[in-house]
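What follows is a single structure, written as structure tokens, with notes after it.
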Amino acid sequence: MNEIIRERLAAFRNDQELPELDDTTLFEAFAAYCVLHQFHEERFEPELHRTGGGNDLGVDAWGIVVNGDLHHDLGGVRHAIETSREMNVVVIVVQAKTSASAEGKVVADLADNLRQICSRRPISYTASPEVGELHEALGLLYDHQHRFTEHSPRLEVRYVHCGQEANADLAEKCRSAEAAVDELGRFQSIRFAAVGWRELDRLYKLTNRKVKAKFEWPNRSAIPAMEGVKEAWVGTIPAAEFVERLLVDEGGSIRKFLFEDNLREFLGQANEVNDGIAQTLADPAKRKRFAVLNNGITVIAESFDTSGNECHMSRFQIVNGCQTGHVLFENRDKLTDDVHVKLTVIEPEDKGIAEAITVATNRQTEIASEDLRGDQQIHRDIEEYFLIQEAPRNLYYERRSGQYDARSVTMTRVVKQSQLIQAYASVFRGHVHEASRTAKLRRDPELRIFHADSHPIAYYTAAAIWYQIDWLLRNNHLDRKWKPARFMLMAAAVRRFANGLVLPQSPRFAQRHCEALLEQIWNRDKVERLVGLMIPHLEKLLDAEASKQRLNDLARTKGFTERFLRAVADVE
């Protein structure tokens, strides 16, 4: 293995807390991490995307990006389809080999296998469950091809190795592979590429880079100085420049995380307002007036510098303009040189000012007051509670997108808001089967998630069991085939440790309840032993299941999850 890549692997092993993986398995996870990050710049768990084992047909890892969200299993793809009116889809396949030379035969064999995997017909070769799951996920997407946006689906295939970059012969093999898979007629575009050690090193460095943007903005004016704001600018920018330089990542996917501080999610192109924006872009006359027909985009940046017309921006969020941004992305082929969009960039003095700007700019649109949650005290309370915990019990609540990117923390210990919702709803609110539906869980008033009277220690407790189960999966202490049941195992472990008692409403009793739970949760050997005792019960339930559905599907049904929780209520 290349010496530089070996050094990168050592850093990756430490950052991802993967001490138990052998070098070959670790390299597969590393390659998956570097490649997938091109198409999804948010944090994700690369080990969950790895296929592992035999009969993988050359597919060492895969991921499917739907509307900016990265999925690693059939359940995730199904949920994306259920909740999307339109779908911008990128399918990524990774093959990883530690050899110091690239082989054209590897590319040819992978193309042959992908013709099977990406086909409607059953795979005639022996395939692992993970590869079979990819085949099923693609079939499910094909069933809803009428929802694909104009430029999707795309297929991106990377052959990662530790040798030099591709020569002419290998590049030609890649072009032949593209043509072979293109005969299926399933993808709008297909790209095969060989990734040598230098390109792999570059991709790894990008994973550690703060999100930045460099763009030309000559038509801007400074807003007069005001208290709490370092500087602010307003003007118009070519819409194509905005999309290409700010809105999409290196892989051409929309940076969905840029809208995390926006107080309303994208409502889809079928929405009346968004349809109107799209119609304006489709009309050659109206699109020239886009800058005066649309409210534009508001960006808050932690750092914004200019040099002449060139602007450099880092750690930024689009706090107003989610609908406009998404519609521009979906209609980027219509963004001629005469289409401009209004842009406001604000560099605030502190996060308090940033939150006030977010709320103020969104009060000008029809958003329910309960959705204006950017300044809720409960999020700060939870964040603070996490921060006062000492190693080895230290975890970090990511209240704001990317807030820990520039800090020296182990990123596997950073818990995103969506993950915290999933964990809390599973272990304390009895909604294990709906853990993947974070938007629904957040909106459900009966669950009172992030309610003002919530107990921060309860969220920390939920995060702790989430972290422990995640560690067992990442390091193969828990067979990867059980990953669809991880929320069931989390909920079952907490119930068993609590002897079936529920979280008390009283702050004082809730504190005692969670402190007792944490003493057991942070004993990893105890958690692993308990989970090990639960797995045979899960296997028995699966074998007895009359519907013969996959675990992916069963884990999302209330009946199966409740049967499992009853079955393991008294395991010793």
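Letters for chains follow the order of the structure tokens (A, B, ...), residue numbers begin at 1 for each chain, and ligand numbers begin at 1 in the order shown.
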With stretch 154-169 of chain A as the partner and 8 Å as the cut-off, tabulate the residues of stretch 20-90 of chain A that qualify, each row holding the nearest pair of atoms and their distance in Å to one decimal, using only C-alpha atoms, sorted by chain and rising number, as a Markdown table.
```
| residue | atom | partner | partner_atom | distance |
| --- | --- | --- | --- | --- |
| A:Ala31 | CA | A:Val160 | CA | 6.6 |
| A:Val35 | CA | A:Arg158 | CA | 7.5 |
| A:Val89 | CA | A:Arg154 | CA | 6.4 |
| A:Val90 | CA | A:Arg154 | CA | 4.8 |
```
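Neighbouring residues of stretch 408-410 of chain A at 8 Å or closer, counting only C-alpha atoms and skipping chain neighbours under 3 positions away, are Asp15, Gln16, Tyr404, Arg413 and Val414 of chain A.
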From the DSSP assignment of the backbone, select every residue of stretch 389-515 of chain A that is strand (DSSP E or B), and format the answer as a VMD selection string.
chain A and resid 396 to 398 414 to 416
What would the file look like if the residues just selected were written as a PDB file, in the first residue's frame with all heavy atoms?
```pdb
ATOM      1  N   TYR A 396     -21.153  15.440  21.590  1.00  0.00           N
ATOM      2  CA  TYR A 396     -21.376  16.823  21.181  1.00  0.00           C
ATOM      3  C   TYR A 396     -22.675  16.908  20.395  1.00  0.00           C
ATOM      4  O   TYR A 396     -22.869  16.184  19.422  1.00  0.00           O
ATOM      5  CB  TYR A 396     -20.213  17.332  20.317  1.00  0.00           C
ATOM      6  CG  TYR A 396     -18.863  17.152  20.969  1.00  0.00           C
ATOM      7  CD1 TYR A 396     -18.145  15.973  20.780  1.00  0.00           C
ATOM      8  CD2 TYR A 396     -18.318  18.139  21.778  1.00  0.00           C
ATOM      9  CE1 TYR A 396     -16.907  15.783  21.388  1.00  0.00           C
ATOM     10  CE2 TYR A 396     -17.082  17.959  22.391  1.00  0.00           C
ATOM     11  CZ  TYR A 396     -16.387  16.774  22.187  1.00  0.00           C
ATOM     12  OH  TYR A 396     -15.166  16.591  22.792  1.00  0.00           O
ATOM     13  N   TYR A 397     -23.552  17.806  20.807  1.00  0.00           N
ATOM     14  CA  TYR A 397     -24.805  18.023  20.089  1.00  0.00           C
ATOM     15  C   TYR A 397     -24.606  19.122  19.058  1.00  0.00           C
ATOM     16  O   TYR A 397     -24.271  20.260  19.407  1.00  0.00           O
ATOM     17  CB  TYR A 397     -25.917  18.402  21.064  1.00  0.00           C
ATOM     18  CG  TYR A 397     -27.202  18.841  20.401  1.00  0.00           C
ATOM     19  CD1 TYR A 397     -27.756  18.102  19.348  1.00  0.00           C
ATOM     20  CD2 TYR A 397     -27.867  19.989  20.817  1.00  0.00           C
ATOM     21  CE1 TYR A 397     -28.931  18.505  18.741  1.00  0.00           C
ATOM     22  CE2 TYR A 397     -29.052  20.398  20.221  1.00  0.00           C
ATOM     23  CZ  TYR A 397     -29.578  19.653  19.181  1.00  0.00           C
ATOM     24  OH  TYR A 397     -30.743  20.045  18.568  1.00  0.00           O
ATOM     25  N   GLU A 398     -24.813  18.787  17.801  1.00  0.00           N
ATOM     26  CA  GLU A 398     -24.633  19.747  16.714  1.00  0.00           C
ATOM     27  C   GLU A 398     -25.916  20.559  16.560  1.00  0.00           C
ATOM     28  O   GLU A 398     -26.790  20.244  15.750  1.00  0.00           O
ATOM     29  CB  GLU A 398     -24.288  19.024  15.410  1.00  0.00           C
ATOM     30  CG  GLU A 398     -23.850  19.968  14.305  1.00  0.00           C
ATOM     31  CD  GLU A 398     -23.469  19.231  13.036  1.00  0.00           C
ATOM     32  OE1 GLU A 398     -24.352  18.585  12.438  1.00  0.00           O
ATOM     33  OE2 GLU A 398     -22.296  19.277  12.657  1.00  0.00           O
ATOM     34  N   VAL A 414     -20.017  13.414  17.475  1.00  0.00           N
ATOM     35  CA  VAL A 414     -20.913  14.542  17.214  1.00  0.00           C
ATOM     36  C   VAL A 414     -22.269  13.990  16.785  1.00  0.00           C
ATOM     37  O   VAL A 414     -22.369  13.215  15.838  1.00  0.00           O
ATOM     38  CB  VAL A 414     -20.339  15.468  16.118  1.00  0.00           C
ATOM     39  CG1 VAL A 414     -21.325  16.577  15.790  1.00  0.00           C
ATOM     40  CG2 VAL A 414     -19.000  16.043  16.558  1.00  0.00           C
ATOM     41  N   VAL A 415     -23.301  14.386  17.490  1.00  0.00           N
ATOM     42  CA  VAL A 415     -24.651  13.878  17.226  1.00  0.00           C
ATOM     43  C   VAL A 415     -25.468  14.964  16.533  1.00  0.00           C
ATOM     44  O   VAL A 415     -25.681  16.051  17.086  1.00  0.00           O
ATOM     45  CB  VAL A 415     -25.345  13.462  18.542  1.00  0.00           C
ATOM     46  CG1 VAL A 415     -26.723  12.877  18.250  1.00  0.00           C
ATOM     47  CG2 VAL A 415     -24.490  12.450  19.293  1.00  0.00           C
ATOM     48  N   LYS A 416     -25.888  14.668  15.321  1.00  0.00           N
ATOM     49  CA  LYS A 416     -26.696  15.615  14.567  1.00  0.00           C
ATOM     50  C   LYS A 416     -28.113  15.686  15.132  1.00  0.00           C
ATOM     51  O   LYS A 416     -28.576  14.765  15.808  1.00  0.00           O
ATOM     52  CB  LYS A 416     -26.747  15.199  13.094  1.00  0.00           C
ATOM     53  CG  LYS A 416     -25.405  15.215  12.400  1.00  0.00           C
ATOM     54  CD  LYS A 416     -25.451  14.568  11.040  1.00  0.00           C
ATOM     55  CE  LYS A 416     -26.363  15.297  10.084  1.00  0.00           C
ATOM     56  NZ  LYS A 416     -26.293  14.723   8.723  1.00  0.00           N
TER      57      LYS A 416
END
```
Can you tell me, as a list of chain:residue names, what residues are no more than 8 Å from A:Ser426 when counting only C-alpha atoms, ignoring any on the same chain fewer than 4 positions away?
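My list of contacting residues is A:Gln422, A:Gly430, A:His431, A:Val432, A:His433, A:Ala435, A:Phe487, A:Met488, A:Met490, A:Ala491.
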Write out, as a CSV table (one decimal), in the first residue's frame, the residues just selected, with all heavy atoms.
```csv
chain,number,residue,atom,x,y,z
A,422,GLN,N,-34.2,10.8,16.2
A,422,GLN,CA,-34.4,9.4,16.0
A,422,GLN,C,-34.2,8.6,17.4
A,422,GLN,O,-35.0,7.8,17.7
A,422,GLN,CB,-33.4,8.8,15.0
A,422,GLN,CG,-33.7,9.4,13.6
A,422,GLN,CD,-32.7,8.9,12.6
A,422,GLN,OE1,-31.5,8.8,12.9
A,422,GLN,NE2,-33.1,8.6,11.4
A,430,GLY,N,-41.4,5.7,22.3
A,430,GLY,CA,-42.1,4.5,21.8
A,430,GLY,C,-42.3,4.5,20.3
A,430,GLY,O,-43.2,3.7,19.8
A,431,HIS,N,-41.6,5.3,19.6
A,431,HIS,CA,-41.8,5.4,18.1
A,431,HIS,C,-40.6,4.8,17.4
A,431,HIS,O,-40.1,5.4,16.5
A,431,HIS,CB,-42.1,6.9,17.7
A,431,HIS,CG,-43.5,7.3,17.9
A,431,HIS,ND1,-44.4,7.6,16.9
A,431,HIS,CD2,-44.2,7.5,19.1
A,431,HIS,CE1,-45.5,8.0,17.5
A,431,HIS,NE2,-45.4,7.9,18.8
A,432,VAL,N,-40.3,3.6,17.8
A,432,VAL,CA,-39.1,2.9,17.1
A,432,VAL,C,-39.4,2.7,15.6
A,432,VAL,O,-38.5,3.0,14.8
A,432,VAL,CB,-38.9,1.6,17.8
A,432,VAL,CG1,-37.7,0.9,17.3
A,432,VAL,CG2,-38.8,1.7,19.3
A,433,HIS,N,-40.6,2.3,15.3
A,433,HIS,CA,-40.9,2.0,13.9
A,433,HIS,C,-40.9,3.2,13.0
A,433,HIS,O,-40.8,3.1,11.8
A,433,HIS,CB,-42.2,1.3,13.8
A,433,HIS,CG,-43.4,2.1,14.3
A,433,HIS,ND1,-43.5,2.5,15.6
A,433,HIS,CD2,-44.4,2.7,13.6
A,433,HIS,CE1,-44.6,3.2,15.7
A,433,HIS,NE2,-45.2,3.4,14.5
A,435,ALA,N,-38.6,5.8,13.4
A,435,ALA,CA,-37.3,6.5,13.6
A,435,ALA,C,-36.8,7.2,12.4
A,435,ALA,O,-36.1,8.3,12.5
A,435,ALA,CB,-36.3,5.6,14.2
A,487,PHE,N,-32.4,0.8,15.9
A,487,PHE,CA,-33.3,1.6,16.8
A,487,PHE,C,-34.1,0.7,17.7
A,487,PHE,O,-34.4,1.0,18.9
A,487,PHE,CB,-34.2,2.5,16.0
A,487,PHE,CG,-33.5,3.5,15.2
A,487,PHE,CD1,-33.4,3.5,13.8
A,487,PHE,CD2,-32.8,4.5,15.9
A,487,PHE,CE1,-32.7,4.5,13.1
A,487,PHE,CE2,-32.0,5.5,15.1
A,487,PHE,CZ,-32.0,5.4,13.8
A,488,MET,N,-34.5,-0.5,17.2
A,488,MET,CA,-35.1,-1.5,18.0
A,488,MET,C,-34.2,-2.0,19.2
A,488,MET,O,-34.6,-2.1,20.3
A,488,MET,CB,-35.5,-2.7,17.2
A,488,MET,CG,-36.6,-2.4,16.1
A,488,MET,SD,-36.7,-3.8,14.9
A,488,MET,CE,-37.1,-5.1,15.9
A,490,MET,N,-31.7,-0.3,20.4
A,490,MET,CA,-31.5,0.8,21.3
A,490,MET,C,-32.6,0.9,22.3
A,490,MET,O,-32.4,1.0,23.6
A,490,MET,CB,-31.4,2.2,20.5
A,490,MET,CG,-30.1,2.4,19.8
A,490,MET,SD,-30.2,3.6,18.5
A,490,MET,CE,-31.0,4.9,19.4
A,491,ALA,N,-33.9,0.9,21.8
A,491,ALA,CA,-35.0,1.0,22.6
A,491,ALA,C,-35.1,-0.2,23.6
A,491,ALA,O,-35.4,0.0,24.8
A,491,ALA,CB,-36.3,1.0,21.8
```
Which one of A:Arg399, A:Arg496, A:His79, A:His135 sits closest to A:Gln116 if you count only C-alpha atoms?
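Among the listed residues, the smallest separation from A:Gln116 belongs to A:His135.
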Write out as an MDAnalysis selection string the set of residues from stretch 131-323 of chain A that DSSP, computed on the backbone, places in helix (DSSP H, G or I).
chainID A and resid 131:143 145:147 168:182 197:207 239:247 256:259 272:282 286:293 322:323
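Excluding A:Gln95 itself and same-chain residues fewer than 6 positions from it, the residues having an atom within 10 Å of it are Glu28, Ala31, Ala32, Arg50, Asp56, Leu57, Gly58, Val59, Asp60, Ala61, Trp62, Val106, Val107, Leu110, Val157, Arg158, Tyr159, Val160, His161, Ala194 and Val195 of chain A, counting only C-alpha atoms.
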Just give me the gap between atom CA of A:Ile81 and atom CA of A:Leu114 in Å, one decimal is fine.
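About the pair atom CA of A:Ile81 and atom CA of A:Leu114: they are 22.5 Å apart.
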Please provide the set of residues having any atom within 7 Å of stretch 201-216 of chain A, restricted to only C-alpha atoms, with same-chain residues fewer than 4 positions apart removed, written as a compact mmCIF listing (two decimals) with N, CA, C and O atoms, in the first residue's frame.
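Written output follows (out15.txt):
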```
# COMPACT_ATOMS: atom_id res chain seq x y z
N ILE A 5 -1.06 6.95 1.63
CA ILE A 5 -2.41 6.44 1.90
C ILE A 5 -2.44 5.68 3.23
O ILE A 5 -3.42 5.75 3.98
N CYS A 34 -14.27 8.74 1.10
CA CYS A 34 -13.70 9.76 0.22
C CYS A 34 -14.56 9.99 -1.01
O CYS A 34 -14.79 11.13 -1.43
N HIS A 37 -18.24 11.36 -0.21
CA HIS A 37 -18.22 12.74 0.25
C HIS A 37 -18.26 13.73 -0.91
O HIS A 37 -18.69 14.87 -0.75
N TRP A 197 -3.81 6.86 -6.08
CA TRP A 197 -3.51 7.33 -4.73
C TRP A 197 -3.49 8.86 -4.61
O TRP A 197 -3.91 9.41 -3.59
N ARG A 245 -21.31 27.80 -8.04
CA ARG A 245 -20.25 28.14 -7.09
C ARG A 245 -20.66 28.01 -5.62
O ARG A 245 -19.80 27.81 -4.77
N LEU A 246 -21.94 28.15 -5.33
CA LEU A 246 -22.39 28.11 -3.94
C LEU A 246 -23.26 26.90 -3.64
O LEU A 246 -23.16 26.31 -2.56
N ASN A 309 -13.61 41.86 -7.51
CA ASN A 309 -14.91 41.22 -7.74
C ASN A 309 -14.99 39.80 -7.18
O ASN A 309 -16.06 39.20 -7.14
N GLU A 310 -13.84 39.26 -6.76
CA GLU A 310 -13.79 37.88 -6.28
C GLU A 310 -14.16 37.83 -4.80
O GLU A 310 -13.63 38.57 -3.98
N CYS A 311 -15.07 36.91 -4.46
CA CYS A 311 -15.53 36.76 -3.08
C CYS A 311 -15.20 35.37 -2.55
O CYS A 311 -15.31 34.37 -3.29
N HIS A 312 -14.79 35.32 -1.29
CA HIS A 312 -14.50 34.05 -0.62
C HIS A 312 -15.38 33.95 0.61
O HIS A 312 -15.40 34.87 1.44
N MET A 313 -16.07 32.83 0.74
CA MET A 313 -17.01 32.66 1.83
C MET A 313 -16.86 31.26 2.41
O MET A 313 -16.66 30.28 1.69
N SER A 314 -16.94 31.13 3.75
CA SER A 314 -16.84 29.82 4.39
C SER A 314 -17.84 29.72 5.53
O SER A 314 -18.27 30.73 6.09
N ARG A 315 -18.18 28.47 5.85
CA ARG A 315 -19.13 28.16 6.92
C ARG A 315 -20.37 29.04 6.80
O ARG A 315 -20.66 29.87 7.66
N ASP A 405 -17.01 21.50 12.83
CA ASP A 405 -16.11 21.15 11.74
C ASP A 405 -14.70 21.69 11.94
O ASP A 405 -13.73 21.08 11.53
```
Write out as a ChimeraX atom specification the residues lying within 10 Å of A:Asn55, counting only C-alpha atoms and excluding same-chain residues fewer than 3 positions away.
/A:51-52,58-59,125-131
File dump, residues just selected, C-alpha atoms, as a short mmCIF file (atom, residue, chain, number, x, y, z; two decimals), in the first residue's frame:
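Generated file (selection-v8.cif):
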```cif
data_model
loop_
_atom_site.label_atom_id
_atom_site.label_comp_id
_atom_site.auth_asym_id
_atom_site.auth_seq_id
_atom_site.Cartn_x
_atom_site.Cartn_y
_atom_site.Cartn_z
CA THR A 51 -21.10 -4.24 1.51
CA GLY A 52 -18.51 -6.53 3.15
CA GLY A 58 -17.12 -6.03 -7.15
CA VAL A 59 -19.31 -3.55 -5.28
CA TYR A 125 -25.05 -14.32 -10.38
CA THR A 126 -24.83 -15.18 -6.69
CA ALA A 127 -25.05 -11.85 -4.88
CA SER A 128 -24.67 -10.80 -1.26
CA PRO A 129 -27.72 -9.40 0.62
CA GLU A 130 -26.25 -5.87 0.44
CA VAL A 131 -25.85 -6.06 -3.35
#
```
Taking 2 positions as the minimum chain separation for residues in the same chain, which residues sit within 9 Å of A:Phe27 when counting only C-alpha atoms? Answer as an NGL selection string.
:A and (9 or 22-25 or 29-32 or 96-98)
Please produce a file of the residues just selected, as a compact mmCIF listing (two decimals), in the first residue's frame, where the atoms kept are N, CA and C atoms.
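The result, written out as part-v6.txt:
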```txt
# COMPACT_ATOMS: atom_id res chain seq x y z
N LEU A 9 -4.92 6.44 6.20
CA LEU A 9 -5.75 5.39 6.80
C LEU A 9 -5.65 5.41 8.33
N ASP A 22 -9.67 -4.69 10.12
CA ASP A 22 -8.40 -5.00 9.48
C ASP A 22 -8.14 -4.01 8.36
N ASP A 23 -6.92 -4.00 7.83
CA ASP A 23 -6.53 -2.96 6.86
C ASP A 23 -7.36 -3.01 5.58
N THR A 24 -7.68 -4.20 5.10
CA THR A 24 -8.45 -4.32 3.86
C THR A 24 -9.86 -3.76 4.03
N THR A 25 -10.50 -4.15 5.12
CA THR A 25 -11.84 -3.66 5.41
C THR A 25 -11.82 -2.15 5.65
N ALA A 29 -13.81 1.05 3.68
CA ALA A 29 -14.57 2.13 4.33
C ALA A 29 -13.99 3.49 4.00
N PHE A 30 -12.66 3.56 3.95
CA PHE A 30 -11.95 4.81 3.63
C PHE A 30 -12.29 5.26 2.21
N ALA A 31 -12.22 4.34 1.26
CA ALA A 31 -12.54 4.66 -0.14
C ALA A 31 -13.99 5.13 -0.26
N ALA A 32 -14.89 4.44 0.45
CA ALA A 32 -16.30 4.83 0.42
C ALA A 32 -16.47 6.24 0.96
N ALA A 96 -12.93 -1.00 -4.24
CA ALA A 96 -11.67 -0.58 -3.62
C ALA A 96 -10.69 -1.73 -3.53
N LYS A 97 -9.48 -1.50 -4.01
CA LYS A 97 -8.41 -2.50 -3.93
C LYS A 97 -7.13 -1.82 -3.47
N THR A 98 -6.40 -2.48 -2.58
CA THR A 98 -5.18 -1.89 -2.02
C THR A 98 -3.97 -2.09 -2.92
```
